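The structure appears below as structure tokens.
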Amino acid sequence: MLMFFLSSQFIMKWLFKFDKDKWQKRQRQMQKNLRSMESIRKINRELILFFKRNHEFFHVERCIEDAAGDPIAIQKMFDSIPVMASDLMSGNESFQFVATARLSFLLSTENPPIDVVIQSGVVPHFVRFLNEQYGLQHKLYSVRALYAIGKGSLEQAVVVIKHGAIPMFIRLLCCSEECYQLKELVAAALGSLASQSPDFRDYVLQFGTLTPLLSLLDNHLEPPMLHEKIALLRACSNTLAIFCQGNPAPSFNQIRSALPILRRLIHLNPPVGVIGEVCEDACLCLSYQSNGSAEQI
């Protein structure tokens with residue numbers, strides 16, 4: 001009986017150990033399967049995100065057009081600013097392009113989230129995208145974003161200047177490419193920064209901004225360029241007027257080189273429509289300067 005009892009105890013322990021080992025093995029297999037399923041789900045999520053973002057890359061203009069005027073779509077875009085900031089800082093140019101386009105759109109809305117965008121740390125990347133290696137459309141969206149930030153408060157404009165936007169703007173004005181829309185936007189961006197205060201104006205002028213601006217005006221004052229690129233001409237003349245105004249006004253030496261161009265601008269014909277606005281800008285420039293430098297003019 002004792003032998004039978006001991007044998008039974010041994011068998012029970014063995015069966016228990018066998019079941020325990022089997023259960024543990026099954027648990028390990030289940031955990032492995034769960035990890036595999038989670039890996040598959042993660043890959044699927046990444047693939048979906050990849051295809052979604054690549055779809056946005058090819059249809060970004062349409063996505064922005066669809067969002068315009070739709071408060072719900074704009075709010076969703078606002079909520080995704082951290083994601084867009086992450087894409088902007090990634091090494092994927094497609095993601096960077098889409099994020100730049102979407103952020104520039106948000107900054108052009110009625111209540112632009114300028115502070116939120118600044119706090120996300122993307123401003124230096126907007127400036128970096130103005131380098132030659134990036135495409136024209138990418139530069140255009142970047143300048144548009146910087147222009148919108150520069151139009152904000154004094155403190156917000158300081159952020160644009162602090163990250164070296166002005167030298168990059170001047171380089172774009174001087175480039176030989178016939179990217180007129182980009183140059184028009186750059187001229188407007190420089191004007192918005194200079195309009196913040198006389199100190200800002202003088203700081204912008206210190207970079208030699210007047211020279212490429214006058215060159216653009218000079219190259220587009222004769223037909224047919226005068227009429228074909230009238231929007232560029234208007235942006236340049238408006239920025240030139242901003243450079244000449246302020247209290248105190250800039251010194252005569254700072255804007256002396258603009259006088260030959262101003263003389264040509266006030267004689268443009270017919271002085272109506274946009275051409276009339278260009279003539280008005282030129283007259284304002286002369287008026288601002290004549291207040292303190294009539295004899296020199």
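Order determines the names: the first chain of the structure tokens is A, the second B, and so forth; residues in each chain are numbered 1 upward, and ligands are numbered 1 upward as they are shown.
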Compile the contact shell of Leu130 of chain A as a PyMOL selection string: residues with an atom at most 8 Å away, counting only C-alpha atoms, same-chain residues fewer than 5 positions apart removed. chain A and resi 138-139+142-143+168+172
Using DSSP on the backbone coordinates, identify the residues of segment 24-269 of chain A assigned to helix (DSSP H, G or I); present them as a PyMOL selection string. chain A and resi 24-58+60-67+71-79+81-88+93-106+114-119+123-128+136-150+154-162+165-174+180-194+198-205+210-219+225-228+230-244+252-265
Closest to Ser192 of chain A among A:Thr100, A:Thr211, A:Asn253, A:Ser153, using only C-alpha atoms? A:Ser153
Would you list the contacts of Lys229 of chain A as a list in words, taking every protein, DNA or RNA residue within 10 Å and counting only C-alpha atoms, but skipping same-chain residues closer than 3 positions in sequence? Tyr180, Gln181, Glu184, His220, Leu221, Pro223, Pro224, Met225, Leu226, Leu232, Leu233 and Arg234 of chain A
Just-selected residues, N, CA and C atoms written as a tab-separated table (two decimals), in the first residue's frame:
chain	number	residue	atom	x	y	z
A	180	TYR	N	8.72	84.70	-60.18
A	180	TYR	CA	8.14	86.00	-59.87
A	180	TYR	C	7.21	85.97	-58.67
A	181	GLN	N	6.41	84.91	-58.55
A	181	GLN	CA	5.49	84.83	-57.41
A	181	GLN	C	6.25	84.75	-56.10
A	184	GLU	N	7.75	88.18	-55.37
A	184	GLU	CA	6.68	89.09	-54.93
A	184	GLU	C	6.38	88.88	-53.45
A	220	HIS	N	11.49	95.71	-64.54
A	220	HIS	CA	10.10	95.43	-64.90
A	220	HIS	C	9.28	96.69	-65.16
A	221	LEU	N	9.96	97.79	-65.50
A	221	LEU	CA	9.25	99.05	-65.75
A	221	LEU	C	8.90	99.27	-67.21
A	223	PRO	N	7.28	97.89	-70.95
A	223	PRO	CA	6.41	96.87	-71.54
A	223	PRO	C	7.26	95.82	-72.25
A	224	PRO	N	6.84	94.54	-72.35
A	224	PRO	CA	5.58	94.03	-71.77
A	224	PRO	C	5.70	93.61	-70.31
A	225	MET	N	6.91	93.65	-69.74
A	225	MET	CA	7.11	93.20	-68.37
A	225	MET	C	6.27	94.03	-67.39
A	226	LEU	N	6.08	95.30	-67.68
A	226	LEU	CA	5.34	96.18	-66.79
A	226	LEU	C	3.95	95.63	-66.52
A	232	LEU	N	4.21	91.86	-59.01
A	232	LEU	CA	5.56	91.96	-58.45
A	232	LEU	C	5.97	93.42	-58.30
A	233	LEU	N	5.68	94.20	-59.30
A	233	LEU	CA	6.00	95.64	-59.27
A	233	LEU	C	5.30	96.33	-58.11
A	234	ARG	N	4.04	95.97	-57.89
A	234	ARG	CA	3.27	96.57	-56.80
A	234	ARG	C	3.84	96.18	-55.44
Ile261 of chain A: which residues within 10 Å, counting only C-alpha atoms, same-chain residues fewer than 6 positions away excluded, as a list in words? Leu214, Ser215, Leu217, Asp218, Leu221, Ser237 and Ala282 of chain A
Those same residues - N, CA, C and O atoms - I'd like them written as a PDB file, in the first residue's frame.
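Once everything was written out, this is again.pdb:
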ATOM      1  N   LEU A 214      15.387  97.532 -55.850  1.00  0.00           N
ATOM      2  CA  LEU A 214      15.426  98.511 -56.947  1.00  0.00           C
ATOM      3  C   LEU A 214      15.742  97.846 -58.270  1.00  0.00           C
ATOM      4  O   LEU A 214      15.230  98.244 -59.325  1.00  0.00           O
ATOM      5  N   SER A 215      16.565  96.807 -58.246  1.00  0.00           N
ATOM      6  CA  SER A 215      16.889  96.069 -59.464  1.00  0.00           C
ATOM      7  C   SER A 215      15.650  95.408 -60.046  1.00  0.00           C
ATOM      8  O   SER A 215      15.432  95.420 -61.261  1.00  0.00           O
ATOM      9  N   LEU A 217      12.557  96.416 -59.634  1.00  0.00           N
ATOM     10  CA  LEU A 217      11.717  97.490 -60.183  1.00  0.00           C
ATOM     11  C   LEU A 217      12.257  97.957 -61.533  1.00  0.00           C
ATOM     12  O   LEU A 217      11.503  98.119 -62.503  1.00  0.00           O
ATOM     13  N   ASP A 218      13.542  98.150 -61.599  1.00  0.00           N
ATOM     14  CA  ASP A 218      14.182  98.632 -62.824  1.00  0.00           C
ATOM     15  C   ASP A 218      13.972  97.681 -63.997  1.00  0.00           C
ATOM     16  O   ASP A 218      13.759  98.104 -65.131  1.00  0.00           O
ATOM     17  N   LEU A 221       9.961  97.790 -65.500  1.00  0.00           N
ATOM     18  CA  LEU A 221       9.249  99.047 -65.747  1.00  0.00           C
ATOM     19  C   LEU A 221       8.895  99.273 -67.213  1.00  0.00           C
ATOM     20  O   LEU A 221       8.180 100.217 -67.533  1.00  0.00           O
ATOM     21  N   SER A 237       7.081  98.187 -54.951  1.00  0.00           N
ATOM     22  CA  SER A 237       6.864  99.620 -54.711  1.00  0.00           C
ATOM     23  C   SER A 237       6.275  99.860 -53.327  1.00  0.00           C
ATOM     24  O   SER A 237       6.611 100.836 -52.650  1.00  0.00           O
ATOM     25  N   ALA A 282       5.260 105.653 -55.095  1.00  0.00           N
ATOM     26  CA  ALA A 282       6.437 106.467 -55.411  1.00  0.00           C
ATOM     27  C   ALA A 282       6.272 107.886 -54.873  1.00  0.00           C
ATOM     28  O   ALA A 282       7.222 108.476 -54.321  1.00  0.00           O
TER      29      ALA A 282
END
Proximity check segment 68-148 of chain A to segment 158-164 of chain A, 9 Å, nearest pairs one decimal Å, only C-alpha atoms, as JSON lines:
{"residue": "A:Ile118", "atom": "CA", "partner": "A:Val159", "partner_atom": "CA", "distance": 7.9}
{"residue": "A:Val123", "atom": "CA", "partner": "A:Val160", "partner_atom": "CA", "distance": 7.0}
{"residue": "A:Pro124", "atom": "CA", "partner": "A:His163", "partner_atom": "CA", "distance": 5.6}
{"residue": "A:Val127", "atom": "CA", "partner": "A:Gly164", "partner_atom": "CA", "distance": 7.1}
{"residue": "A:Leu146", "atom": "CA", "partner": "A:Val160", "partner_atom": "CA", "distance": 6.6}
{"residue": "A:Tyr147", "atom": "CA", "partner": "A:Val160", "partner_atom": "CA", "distance": 8.7}
Got time to write the residues from that selection, N, CA, C and O atoms, as a PDB file, in the first residue's frame?
ATOM      1  N   ILE A 118       5.063  79.072 -33.390  1.00  0.00           N
ATOM      2  CA  ILE A 118       6.404  79.460 -32.911  1.00  0.00           C
ATOM      3  C   ILE A 118       6.870  78.513 -31.805  1.00  0.00           C
ATOM      4  O   ILE A 118       8.012  78.035 -31.813  1.00  0.00           O
ATOM      5  N   VAL A 123       9.972  77.475 -36.842  1.00  0.00           N
ATOM      6  CA  VAL A 123      10.422  78.668 -37.581  1.00  0.00           C
ATOM      7  C   VAL A 123      11.812  78.494 -38.201  1.00  0.00           C
ATOM      8  O   VAL A 123      11.999  78.812 -39.383  1.00  0.00           O
ATOM      9  N   PRO A 124      12.820  77.988 -37.483  1.00  0.00           N
ATOM     10  CA  PRO A 124      14.131  77.804 -38.126  1.00  0.00           C
ATOM     11  C   PRO A 124      14.089  76.847 -39.311  1.00  0.00           C
ATOM     12  O   PRO A 124      14.885  76.973 -40.242  1.00  0.00           O
ATOM     13  N   VAL A 127      12.979  78.726 -42.406  1.00  0.00           N
ATOM     14  CA  VAL A 127      14.126  79.457 -42.957  1.00  0.00           C
ATOM     15  C   VAL A 127      15.047  78.506 -43.711  1.00  0.00           C
ATOM     16  O   VAL A 127      15.535  78.820 -44.805  1.00  0.00           O
ATOM     17  N   LEU A 146       6.548  82.473 -43.070  1.00  0.00           N
ATOM     18  CA  LEU A 146       7.372  83.492 -42.418  1.00  0.00           C
ATOM     19  C   LEU A 146       6.753  84.879 -42.562  1.00  0.00           C
ATOM     20  O   LEU A 146       6.822  85.709 -41.643  1.00  0.00           O
ATOM     21  N   TYR A 147       6.158  85.145 -43.728  1.00  0.00           N
ATOM     22  CA  TYR A 147       5.477  86.417 -43.976  1.00  0.00           C
ATOM     23  C   TYR A 147       4.332  86.599 -42.980  1.00  0.00           C
ATOM     24  O   TYR A 147       4.165  87.668 -42.373  1.00  0.00           O
TER      25      TYR A 147
END
